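What follows is the content of target_13.cif (mmCIF, N, CA and C atoms).
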```cif
data_query
loop_
_atom_site.label_atom_id
_atom_site.label_comp_id
_atom_site.auth_asym_id
_atom_site.auth_seq_id
_atom_site.Cartn_x
_atom_site.Cartn_y
_atom_site.Cartn_z
N MET A 1094 112.23 -49.21 18.18
CA MET A 1094 113.47 -48.50 18.33
C MET A 1094 113.69 -48.09 19.76
N GLY A 1095 113.20 -48.85 20.69
CA GLY A 1095 113.35 -48.53 22.09
C GLY A 1095 114.73 -48.85 22.60
N THR A 1096 115.71 -48.09 22.19
CA THR A 1096 117.08 -48.31 22.60
C THR A 1096 117.51 -47.20 23.54
N PRO A 1097 118.65 -47.36 24.21
CA PRO A 1097 119.12 -46.29 25.09
C PRO A 1097 119.21 -44.96 24.34
N GLY A 1098 118.83 -43.90 25.01
CA GLY A 1098 118.87 -42.59 24.38
C GLY A 1098 117.55 -42.19 23.77
N THR A 1099 116.52 -43.05 23.87
CA THR A 1099 115.25 -42.73 23.26
C THR A 1099 114.16 -42.44 24.28
N ALA A 1100 114.52 -42.38 25.54
CA ALA A 1100 113.52 -42.12 26.56
C ALA A 1100 112.84 -40.80 26.28
N VAL A 1101 111.56 -40.76 26.56
CA VAL A 1101 110.81 -39.53 26.32
C VAL A 1101 111.01 -38.62 27.51
N THR A 1102 111.72 -37.54 27.30
CA THR A 1102 111.97 -36.55 28.33
C THR A 1102 111.34 -35.24 27.86
N ASP A 1103 111.42 -34.21 28.68
CA ASP A 1103 110.85 -32.93 28.28
C ASP A 1103 111.40 -32.46 26.94
N GLY A 1104 112.67 -32.74 26.67
CA GLY A 1104 113.29 -32.33 25.41
C GLY A 1104 113.03 -33.28 24.27
N ASN A 1105 112.26 -34.34 24.51
CA ASN A 1105 112.01 -35.33 23.46
C ASN A 1105 110.57 -35.84 23.52
N LYS A 1106 109.65 -35.00 23.97
CA LYS A 1106 108.28 -35.46 24.20
C LYS A 1106 107.50 -35.76 22.92
N LEU A 1107 108.00 -35.38 21.77
CA LEU A 1107 107.31 -35.68 20.51
C LEU A 1107 107.89 -36.91 19.82
N ALA A 1108 108.75 -37.65 20.50
CA ALA A 1108 109.38 -38.83 19.91
C ALA A 1108 108.35 -39.86 19.46
N TRP A 1109 107.21 -39.94 20.12
CA TRP A 1109 106.17 -40.91 19.76
C TRP A 1109 105.74 -40.76 18.30
N MET A 1110 105.88 -39.58 17.75
CA MET A 1110 105.47 -39.37 16.35
C MET A 1110 106.31 -40.20 15.38
N LEU A 1111 107.50 -40.58 15.80
CA LEU A 1111 108.42 -41.28 14.91
C LEU A 1111 108.33 -42.80 15.04
N ASP A 1112 107.43 -43.30 15.88
CA ASP A 1112 107.35 -44.73 16.13
C ASP A 1112 107.06 -45.56 14.88
N ASP A 1113 106.37 -45.00 13.90
CA ASP A 1113 106.07 -45.76 12.67
C ASP A 1113 107.31 -46.07 11.85
N LEU A 1114 108.43 -45.49 12.20
CA LEU A 1114 109.66 -45.75 11.46
C LEU A 1114 110.46 -46.90 12.08
N HIS A 1115 109.82 -47.65 12.96
CA HIS A 1115 110.45 -48.85 13.52
C HIS A 1115 110.38 -49.93 12.44
N VAL A 1116 111.38 -49.92 11.57
CA VAL A 1116 111.46 -50.81 10.40
C VAL A 1116 112.83 -51.49 10.46
N PRO A 1117 112.90 -52.77 10.13
CA PRO A 1117 114.22 -53.42 10.12
C PRO A 1117 115.21 -52.63 9.27
N GLY A 1118 116.38 -52.38 9.85
CA GLY A 1118 117.42 -51.65 9.14
C GLY A 1118 117.46 -50.16 9.44
N VAL A 1119 116.45 -49.63 10.13
CA VAL A 1119 116.47 -48.21 10.51
C VAL A 1119 117.26 -48.07 11.80
N ARG A 1120 118.29 -47.26 11.74
CA ARG A 1120 119.12 -47.01 12.93
C ARG A 1120 118.43 -46.02 13.86
N PHE A 1121 118.00 -44.90 13.29
CA PHE A 1121 117.35 -43.86 14.09
C PHE A 1121 116.59 -42.92 13.16
N ALA A 1122 115.72 -42.13 13.79
CA ALA A 1122 114.97 -41.10 13.07
C ALA A 1122 114.99 -39.83 13.90
N VAL A 1123 115.03 -38.70 13.20
CA VAL A 1123 115.05 -37.40 13.87
C VAL A 1123 114.00 -36.51 13.21
N LEU A 1124 113.18 -35.89 14.02
CA LEU A 1124 112.24 -34.87 13.57
C LEU A 1124 112.94 -33.54 13.81
N LEU A 1125 113.00 -32.70 12.79
CA LEU A 1125 113.74 -31.45 12.90
C LEU A 1125 113.02 -30.30 12.22
N SER A 1126 113.38 -29.11 12.62
CA SER A 1126 112.85 -27.93 11.95
C SER A 1126 113.65 -27.74 10.66
N GLU A 1127 113.07 -27.04 9.72
CA GLU A 1127 113.73 -26.81 8.44
C GLU A 1127 115.06 -26.07 8.61
N ASP A 1128 115.18 -25.29 9.69
CA ASP A 1128 116.43 -24.57 9.92
C ASP A 1128 117.44 -25.36 10.75
N GLY A 1129 117.17 -26.66 10.96
CA GLY A 1129 118.17 -27.55 11.54
C GLY A 1129 118.14 -27.78 13.03
N LEU A 1130 117.05 -27.45 13.69
CA LEU A 1130 116.94 -27.70 15.13
C LEU A 1130 116.21 -29.01 15.37
N ARG A 1131 116.76 -29.85 16.24
CA ARG A 1131 116.14 -31.12 16.58
C ARG A 1131 114.86 -30.88 17.37
N ILE A 1132 113.80 -31.56 16.97
CA ILE A 1132 112.53 -31.49 17.69
C ILE A 1132 112.36 -32.75 18.53
N ALA A 1133 112.67 -33.91 17.95
CA ALA A 1133 112.54 -35.19 18.64
C ALA A 1133 113.41 -36.21 17.92
N HIS A 1134 113.68 -37.32 18.62
CA HIS A 1134 114.46 -38.38 17.99
C HIS A 1134 114.14 -39.72 18.64
N VAL A 1135 114.34 -40.78 17.89
CA VAL A 1135 114.18 -42.15 18.40
C VAL A 1135 115.29 -43.01 17.81
N GLY A 1136 115.60 -44.08 18.50
CA GLY A 1136 116.58 -45.02 17.98
C GLY A 1136 117.94 -44.86 18.61
N ALA A 1137 118.91 -45.48 17.98
CA ALA A 1137 120.27 -45.56 18.52
C ALA A 1137 121.08 -44.32 18.20
N ILE A 1138 120.71 -43.20 18.84
CA ILE A 1138 121.43 -41.94 18.65
C ILE A 1138 121.31 -41.12 19.94
N SER A 1139 122.41 -40.51 20.32
CA SER A 1139 122.40 -39.67 21.52
C SER A 1139 121.77 -38.31 21.19
N LEU A 1140 121.44 -37.57 22.22
CA LEU A 1140 120.89 -36.23 22.04
C LEU A 1140 121.86 -35.34 21.26
N ASP A 1141 123.13 -35.35 21.65
CA ASP A 1141 124.12 -34.51 20.96
C ASP A 1141 124.23 -34.88 19.49
N ASP A 1142 124.28 -36.19 19.20
CA ASP A 1142 124.37 -36.62 17.80
C ASP A 1142 123.09 -36.32 17.04
N ALA A 1143 121.94 -36.41 17.70
CA ALA A 1143 120.67 -36.07 17.05
C ALA A 1143 120.66 -34.59 16.66
N GLU A 1144 121.23 -33.75 17.51
CA GLU A 1144 121.29 -32.32 17.20
C GLU A 1144 122.24 -32.06 16.03
N ARG A 1145 123.38 -32.76 16.00
CA ARG A 1145 124.31 -32.61 14.87
C ARG A 1145 123.69 -33.15 13.58
N PHE A 1146 122.99 -34.28 13.68
CA PHE A 1146 122.31 -34.86 12.52
C PHE A 1146 121.26 -33.89 11.97
N ALA A 1147 120.52 -33.25 12.86
CA ALA A 1147 119.49 -32.29 12.44
C ALA A 1147 120.11 -31.12 11.68
N ALA A 1148 121.20 -30.59 12.18
CA ALA A 1148 121.87 -29.47 11.51
C ALA A 1148 122.40 -29.89 10.14
N ALA A 1149 123.02 -31.06 10.07
CA ALA A 1149 123.56 -31.54 8.80
C ALA A 1149 122.44 -31.86 7.81
N SER A 1150 121.33 -32.40 8.30
CA SER A 1150 120.19 -32.73 7.43
C SER A 1150 119.60 -31.47 6.81
N SER A 1151 119.53 -30.43 7.60
CA SER A 1151 119.03 -29.16 7.09
C SER A 1151 119.93 -28.63 5.97
N GLY A 1152 121.25 -28.76 6.16
CA GLY A 1152 122.20 -28.34 5.13
C GLY A 1152 122.06 -29.16 3.86
N LEU A 1153 121.89 -30.48 4.02
CA LEU A 1153 121.70 -31.34 2.84
C LEU A 1153 120.41 -30.99 2.12
N ARG A 1154 119.38 -30.67 2.87
CA ARG A 1154 118.10 -30.27 2.28
C ARG A 1154 118.28 -28.99 1.45
N SER A 1155 119.05 -28.05 1.96
CA SER A 1155 119.31 -26.81 1.23
C SER A 1155 120.05 -27.08 -0.08
N LEU A 1156 121.00 -28.00 -0.04
CA LEU A 1156 121.70 -28.37 -1.28
C LEU A 1156 120.74 -28.99 -2.28
N GLY A 1157 119.82 -29.79 -1.80
CA GLY A 1157 118.81 -30.38 -2.68
C GLY A 1157 117.96 -29.31 -3.35
N LYS A 1158 117.61 -28.28 -2.60
CA LYS A 1158 116.85 -27.17 -3.19
C LYS A 1158 117.65 -26.46 -4.28
N ALA A 1159 118.94 -26.29 -4.04
CA ALA A 1159 119.79 -25.62 -5.02
C ALA A 1159 119.89 -26.42 -6.32
N LEU A 1160 119.76 -27.74 -6.23
CA LEU A 1160 119.85 -28.59 -7.42
C LEU A 1160 118.51 -28.79 -8.10
N GLY A 1161 117.43 -28.32 -7.50
CA GLY A 1161 116.09 -28.53 -8.03
C GLY A 1161 115.89 -28.05 -9.45
N GLU A 1162 116.53 -26.96 -9.82
CA GLU A 1162 116.36 -26.42 -11.17
C GLU A 1162 116.82 -27.39 -12.25
N PHE A 1163 117.66 -28.34 -11.89
CA PHE A 1163 118.17 -29.31 -12.86
C PHE A 1163 117.22 -30.49 -13.05
N CYS A 1164 116.09 -30.46 -12.34
CA CYS A 1164 115.08 -31.51 -12.46
C CYS A 1164 113.78 -30.97 -13.03
N GLY A 1165 113.84 -29.92 -13.80
CA GLY A 1165 112.63 -29.34 -14.38
C GLY A 1165 112.26 -28.06 -13.69
N THR A 1166 111.00 -27.73 -13.78
CA THR A 1166 110.54 -26.46 -13.23
C THR A 1166 110.12 -26.55 -11.77
N ALA A 1167 110.01 -27.75 -11.23
CA ALA A 1167 109.62 -27.90 -9.83
C ALA A 1167 110.69 -27.31 -8.93
N ASN A 1168 110.27 -26.61 -7.89
CA ASN A 1168 111.24 -26.01 -6.99
C ASN A 1168 111.17 -26.58 -5.58
N ALA A 1169 110.30 -27.55 -5.34
CA ALA A 1169 110.17 -28.15 -4.01
C ALA A 1169 110.86 -29.51 -3.98
N VAL A 1170 111.64 -29.73 -2.95
CA VAL A 1170 112.30 -31.02 -2.76
C VAL A 1170 111.33 -31.92 -1.99
N ARG A 1171 111.03 -33.08 -2.53
CA ARG A 1171 110.15 -34.02 -1.82
C ARG A 1171 110.94 -34.88 -0.85
N GLN A 1172 112.04 -35.44 -1.33
CA GLN A 1172 112.83 -36.32 -0.48
C GLN A 1172 114.26 -36.35 -0.97
N ASN A 1173 115.19 -36.31 -0.01
CA ASN A 1173 116.61 -36.52 -0.31
C ASN A 1173 116.96 -37.93 0.13
N MET A 1174 117.72 -38.64 -0.69
CA MET A 1174 118.24 -39.95 -0.32
C MET A 1174 119.71 -39.97 -0.71
N THR A 1175 120.56 -40.25 0.26
CA THR A 1175 121.99 -40.32 0.01
C THR A 1175 122.46 -41.69 0.45
N GLU A 1176 123.16 -42.38 -0.44
CA GLU A 1176 123.63 -43.73 -0.14
C GLU A 1176 125.12 -43.71 0.20
N TYR A 1177 125.46 -44.41 1.26
CA TYR A 1177 126.85 -44.56 1.70
C TYR A 1177 127.20 -46.04 1.67
N ASP A 1178 128.46 -46.38 1.91
CA ASP A 1178 128.87 -47.78 1.90
C ASP A 1178 128.08 -48.63 2.89
N GLU A 1179 127.78 -48.07 4.06
CA GLU A 1179 127.15 -48.87 5.11
C GLU A 1179 125.73 -48.43 5.45
N GLY A 1180 125.08 -47.66 4.56
CA GLY A 1180 123.71 -47.27 4.84
C GLY A 1180 123.24 -46.10 4.00
N MET A 1181 122.09 -45.59 4.39
CA MET A 1181 121.47 -44.48 3.66
C MET A 1181 120.96 -43.43 4.64
N ILE A 1182 120.86 -42.20 4.14
CA ILE A 1182 120.21 -41.11 4.86
C ILE A 1182 119.03 -40.67 4.00
N PHE A 1183 117.84 -40.60 4.62
CA PHE A 1183 116.63 -40.12 3.97
C PHE A 1183 116.21 -38.84 4.68
N ILE A 1184 115.78 -37.84 3.92
CA ILE A 1184 115.23 -36.62 4.51
C ILE A 1184 113.95 -36.29 3.75
N THR A 1185 112.85 -36.14 4.48
CA THR A 1185 111.54 -35.88 3.87
C THR A 1185 110.88 -34.70 4.55
N ALA A 1186 110.22 -33.85 3.77
CA ALA A 1186 109.45 -32.74 4.32
C ALA A 1186 108.28 -33.30 5.13
N ALA A 1187 107.99 -32.66 6.26
CA ALA A 1187 106.92 -33.13 7.15
C ALA A 1187 106.11 -31.93 7.63
N GLY A 1188 105.31 -31.38 6.77
CA GLY A 1188 104.50 -30.24 7.17
C GLY A 1188 105.26 -28.94 7.00
N GLU A 1189 104.65 -27.89 7.49
CA GLU A 1189 105.19 -26.54 7.35
C GLU A 1189 106.43 -26.37 8.21
N GLY A 1190 107.61 -26.27 7.58
CA GLY A 1190 108.83 -25.98 8.29
C GLY A 1190 109.46 -27.13 9.06
N ALA A 1191 109.02 -28.37 8.80
CA ALA A 1191 109.59 -29.52 9.52
C ALA A 1191 110.07 -30.58 8.54
N LEU A 1192 111.03 -31.37 9.00
CA LEU A 1192 111.61 -32.46 8.20
C LEU A 1192 111.74 -33.69 9.08
N ILE A 1193 111.77 -34.85 8.43
CA ILE A 1193 112.10 -36.10 9.10
C ILE A 1193 113.37 -36.62 8.46
N GLY A 1194 114.36 -36.94 9.28
CA GLY A 1194 115.60 -37.53 8.79
C GLY A 1194 115.75 -38.93 9.37
N VAL A 1195 116.19 -39.86 8.54
CA VAL A 1195 116.33 -41.25 8.96
C VAL A 1195 117.69 -41.78 8.50
N SER A 1196 118.35 -42.53 9.38
CA SER A 1196 119.58 -43.22 9.04
C SER A 1196 119.29 -44.72 9.04
N THR A 1197 119.80 -45.42 8.02
CA THR A 1197 119.56 -46.86 7.91
C THR A 1197 120.88 -47.62 7.72
N THR A 1198 120.78 -48.91 7.83
CA THR A 1198 121.88 -49.78 7.45
C THR A 1198 121.79 -50.01 5.94
N SER A 1199 122.75 -50.70 5.39
CA SER A 1199 122.71 -51.00 3.95
C SER A 1199 121.74 -52.12 3.63
N GLU A 1200 121.22 -52.81 4.64
CA GLU A 1200 120.32 -53.94 4.46
C GLU A 1200 118.85 -53.55 4.58
N VAL A 1201 118.53 -52.32 4.37
CA VAL A 1201 117.16 -51.83 4.57
C VAL A 1201 116.35 -51.95 3.29
N ASP A 1202 115.05 -52.08 3.44
CA ASP A 1202 114.12 -52.05 2.31
C ASP A 1202 113.83 -50.57 2.01
N VAL A 1203 114.50 -50.04 1.00
CA VAL A 1203 114.42 -48.61 0.68
C VAL A 1203 112.99 -48.18 0.40
N SER A 1204 112.24 -48.95 -0.36
CA SER A 1204 110.88 -48.56 -0.70
C SER A 1204 109.99 -48.53 0.54
N MET A 1205 110.20 -49.45 1.49
CA MET A 1205 109.39 -49.46 2.71
C MET A 1205 109.69 -48.22 3.55
N VAL A 1206 110.96 -47.88 3.70
CA VAL A 1206 111.32 -46.70 4.49
C VAL A 1206 110.75 -45.44 3.85
N ALA A 1207 110.92 -45.30 2.54
CA ALA A 1207 110.40 -44.12 1.84
C ALA A 1207 108.88 -44.03 1.99
N HIS A 1208 108.20 -45.16 1.86
CA HIS A 1208 106.75 -45.18 2.00
C HIS A 1208 106.32 -44.78 3.42
N ARG A 1209 106.96 -45.38 4.42
CA ARG A 1209 106.62 -45.05 5.82
C ARG A 1209 106.88 -43.58 6.12
N MET A 1210 107.98 -43.06 5.60
CA MET A 1210 108.31 -41.66 5.83
C MET A 1210 107.27 -40.75 5.21
N ASN A 1211 106.83 -41.06 4.00
CA ASN A 1211 105.83 -40.23 3.33
C ASN A 1211 104.49 -40.28 4.05
N GLU A 1212 104.09 -41.45 4.53
CA GLU A 1212 102.85 -41.55 5.32
C GLU A 1212 102.97 -40.74 6.61
N LEU A 1213 104.09 -40.91 7.28
CA LEU A 1213 104.32 -40.23 8.54
C LEU A 1213 104.39 -38.71 8.36
N ALA A 1214 104.95 -38.27 7.27
CA ALA A 1214 105.12 -36.82 7.03
C ALA A 1214 103.78 -36.09 7.09
N GLY A 1215 102.75 -36.68 6.51
CA GLY A 1215 101.42 -36.04 6.55
C GLY A 1215 100.87 -35.96 7.96
N ARG A 1216 101.02 -37.03 8.72
CA ARG A 1216 100.52 -37.04 10.10
C ARG A 1216 101.31 -36.07 10.98
N VAL A 1217 102.62 -36.06 10.83
CA VAL A 1217 103.46 -35.16 11.62
C VAL A 1217 103.10 -33.71 11.32
N GLY A 1218 102.89 -33.40 10.05
CA GLY A 1218 102.52 -32.04 9.67
C GLY A 1218 101.23 -31.60 10.34
N ARG A 1219 100.25 -32.49 10.39
CA ARG A 1219 98.98 -32.16 11.07
C ARG A 1219 99.19 -31.99 12.56
N GLU A 1220 99.96 -32.89 13.18
CA GLU A 1220 100.21 -32.80 14.62
C GLU A 1220 100.96 -31.52 14.99
N LEU A 1221 102.01 -31.22 14.25
CA LEU A 1221 102.79 -30.01 14.55
C LEU A 1221 101.96 -28.76 14.33
N GLY A 1222 101.10 -28.78 13.33
CA GLY A 1222 100.25 -27.63 13.05
C GLY A 1222 99.22 -27.38 14.13
N SER A 1223 98.87 -28.43 14.89
CA SER A 1223 97.86 -28.27 15.92
C SER A 1223 98.43 -28.03 17.32
N LEU A 1224 99.76 -28.05 17.44
CA LEU A 1224 100.38 -27.80 18.75
C LEU A 1224 100.25 -26.33 19.13
N PRO A 1225 100.05 -26.07 20.42
CA PRO A 1225 99.98 -24.66 20.84
C PRO A 1225 101.32 -23.97 20.62
N ARG A 1226 101.28 -22.72 20.23
CA ARG A 1226 102.48 -21.92 19.97
C ARG A 1226 103.09 -21.47 21.28
N GLN A 1227 104.42 -21.52 21.37
CA GLN A 1227 105.13 -21.03 22.54
C GLN A 1227 105.53 -19.56 22.29
N HIS A 1228 105.24 -18.70 23.21
CA HIS A 1228 105.57 -17.27 23.05
C HIS A 1228 106.71 -16.89 23.94
#
```

Re-express the file's structure as structure tokens.
Amino acid sequence: MGTPGTAVTDGNKLAWMLDDLHVPGVRFAVLLSEDGLRIAHVGAISLDDAERFAAASSGLRSLGKALGEFCGTANAVRQNMTEYDEGMIFITAAGEGALIGVSTTSEVDVSMVAHRMNELAGRVGRELGSLPRQH
């Protein structure tokens, strides 16, 4: 996903964590906090759009939580998947207080993206948990 807008800068130094999502059909991936702040991004998305995507992904995640009661007694959302005419949006929990959001084309292998996201979520959670805290 080495496209314009993905250079690793001070504001995007954790983008390397998302490299495993370089899958045919993936437009971009964004690592975000649960409250909607962009942490890092890769792929064909600008910084401004990555920040808007992060905020919207957080809102969609909240809606998923509100609907959880209709799926039994579980109250945790594992993954949101929303399908559009020209692609899909995936949102997966990635450790304590973090999410991974991915945008794809309609020609993507859904099971491969979901699998890669779930594998990556565990690694991202460990990495974020081991980062020094900023005071």

Test item: residues at most 7 Å from stretch 1198-1206 of chain A, only N, CA and C atoms, excluding those fewer than 2 positions along its chain, as a short mmCIF file (atom, residue, chain, number, x, y, z; two decimals) with N, CA and C atoms, keeping the file's coordinate frame:
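See result_15.cif below for the written result:
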```cif
data_model
loop_
_atom_site.label_atom_id
_atom_site.label_comp_id
_atom_site.auth_asym_id
_atom_site.auth_seq_id
_atom_site.Cartn_x
_atom_site.Cartn_y
_atom_site.Cartn_z
N PRO A 1117 112.90 -52.77 10.13
CA PRO A 1117 114.22 -53.42 10.12
C PRO A 1117 115.21 -52.63 9.27
N GLY A 1118 116.38 -52.38 9.85
CA GLY A 1118 117.42 -51.65 9.14
C GLY A 1118 117.46 -50.16 9.44
N VAL A 1119 116.45 -49.63 10.13
CA VAL A 1119 116.47 -48.21 10.51
C VAL A 1119 117.26 -48.07 11.80
N ARG A 1120 118.29 -47.26 11.74
CA ARG A 1120 119.12 -47.01 12.93
C ARG A 1120 118.43 -46.02 13.86
N ASP A 1178 128.46 -46.38 1.91
CA ASP A 1178 128.87 -47.78 1.90
C ASP A 1178 128.08 -48.63 2.89
N GLU A 1179 127.78 -48.07 4.06
CA GLU A 1179 127.15 -48.87 5.11
C GLU A 1179 125.73 -48.43 5.45
N GLY A 1180 125.08 -47.66 4.56
CA GLY A 1180 123.71 -47.27 4.84
C GLY A 1180 123.24 -46.10 4.00
N MET A 1181 122.09 -45.59 4.39
CA MET A 1181 121.47 -44.48 3.66
C MET A 1181 120.96 -43.43 4.64
N SER A 1196 118.35 -42.53 9.38
CA SER A 1196 119.58 -43.22 9.04
C SER A 1196 119.29 -44.72 9.04
N HIS A 1208 108.20 -45.16 1.86
CA HIS A 1208 106.75 -45.18 2.00
C HIS A 1208 106.32 -44.78 3.42
N ARG A 1209 106.96 -45.38 4.42
CA ARG A 1209 106.62 -45.05 5.82
C ARG A 1209 106.88 -43.58 6.12
N MET A 1210 107.98 -43.06 5.60
CA MET A 1210 108.31 -41.66 5.83
C MET A 1210 107.27 -40.75 5.21
N ASN A 1211 106.83 -41.06 4.00
CA ASN A 1211 105.83 -40.23 3.33
C ASN A 1211 104.49 -40.28 4.05
#
```

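Among the candidates A:Val1116, A:Leu1213, A:Met1110, A:Leu1221, the one nearest to A:Thr1197 when counting only C-alpha atoms is A:Val1116.
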
Residue members of the PyMOL selection byres (((chain A and resi 1136-1140 and name CA) around 12) and name CA) in the file shown, as a PyMOL selection string: chain A and resi 1094-1102+1104-1105+1108-1109+1111-1124+1130-1135+1141-1147+1194-1198

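Reported to one decimal place, the separation of atom C of A:Val1217 from atom C of A:Ile1184 is 13.5 Å.
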
Nearby residues (only C-alpha atoms) at most 7 Å from A:Arg1154, same-chain spacing under 4 positions excluded, as a ChimeraX atom specification: /A:1150,1158,1173

Requested write-out: N, CA and C atoms of the selected residues, as a CSV table (one decimal), keeping the file's coordinate frame:
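The file below, out00.csv, is the result:
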```csv
chain,number,residue,atom,x,y,z
A,1150,SER,N,121.3,-32.4,8.3
A,1150,SER,CA,120.2,-32.7,7.4
A,1150,SER,C,119.6,-31.5,6.8
A,1158,LYS,N,117.6,-28.3,-2.6
A,1158,LYS,CA,116.8,-27.2,-3.2
A,1158,LYS,C,117.6,-26.5,-4.3
A,1173,ASN,N,115.2,-36.3,0.0
A,1173,ASN,CA,116.6,-36.5,-0.3
A,1173,ASN,C,117.0,-37.9,0.1
```

Could you give me, as a ChimeraX atom specification, the residues that sit within 12 Å of (99.4, -35.4, 12.4) in the file's coordinates, counting only C-alpha atoms? /A:1107,1109-1111,1187-1189,1212-1224

Could you pull out the residues in stretch 1096-1180 of chain A that DSSP calls alpha helix (DSSP H) from the backbone, as an NGL selection string? :A and (1140-1160)

Run DSSP on the backbone and give me the residues of chain A it puts in strand (DSSP E), as an NGL selection string. :A and (1119-1126 or 1131-1136 or 1172-1177 or 1180-1186 or 1191-1198)

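Between atom CA of A:Gly1129 and atom CA of A:Tyr1177 the interatomic distance comes to 21.5 Å.
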
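Taking atom C of A:Ser1126 and atom N of A:Ala1148 as endpoints, the distance between them is 8.2 Å.
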
Applying 7 Å and only N, CA and C atoms, which residues near A:Val1170 remain after dropping the ones on its own chain fewer than 6 positions away? List them as a ChimeraX atom specification. /A:1157-1158,1161,1186

Can you tell me, as lines of an AutoDock Vina configuration file, the centre and edge lengths (Å, one decimal) of the axis-aligned box enclosing all of stretch 1173-1176 of chain A's listed atoms after padding each side by 4 Å?
```
center_x = 120.2
center_y = -40.0
center_z = -0.1
size_x = 17.9
size_y = 15.4
size_z = 9.2
```
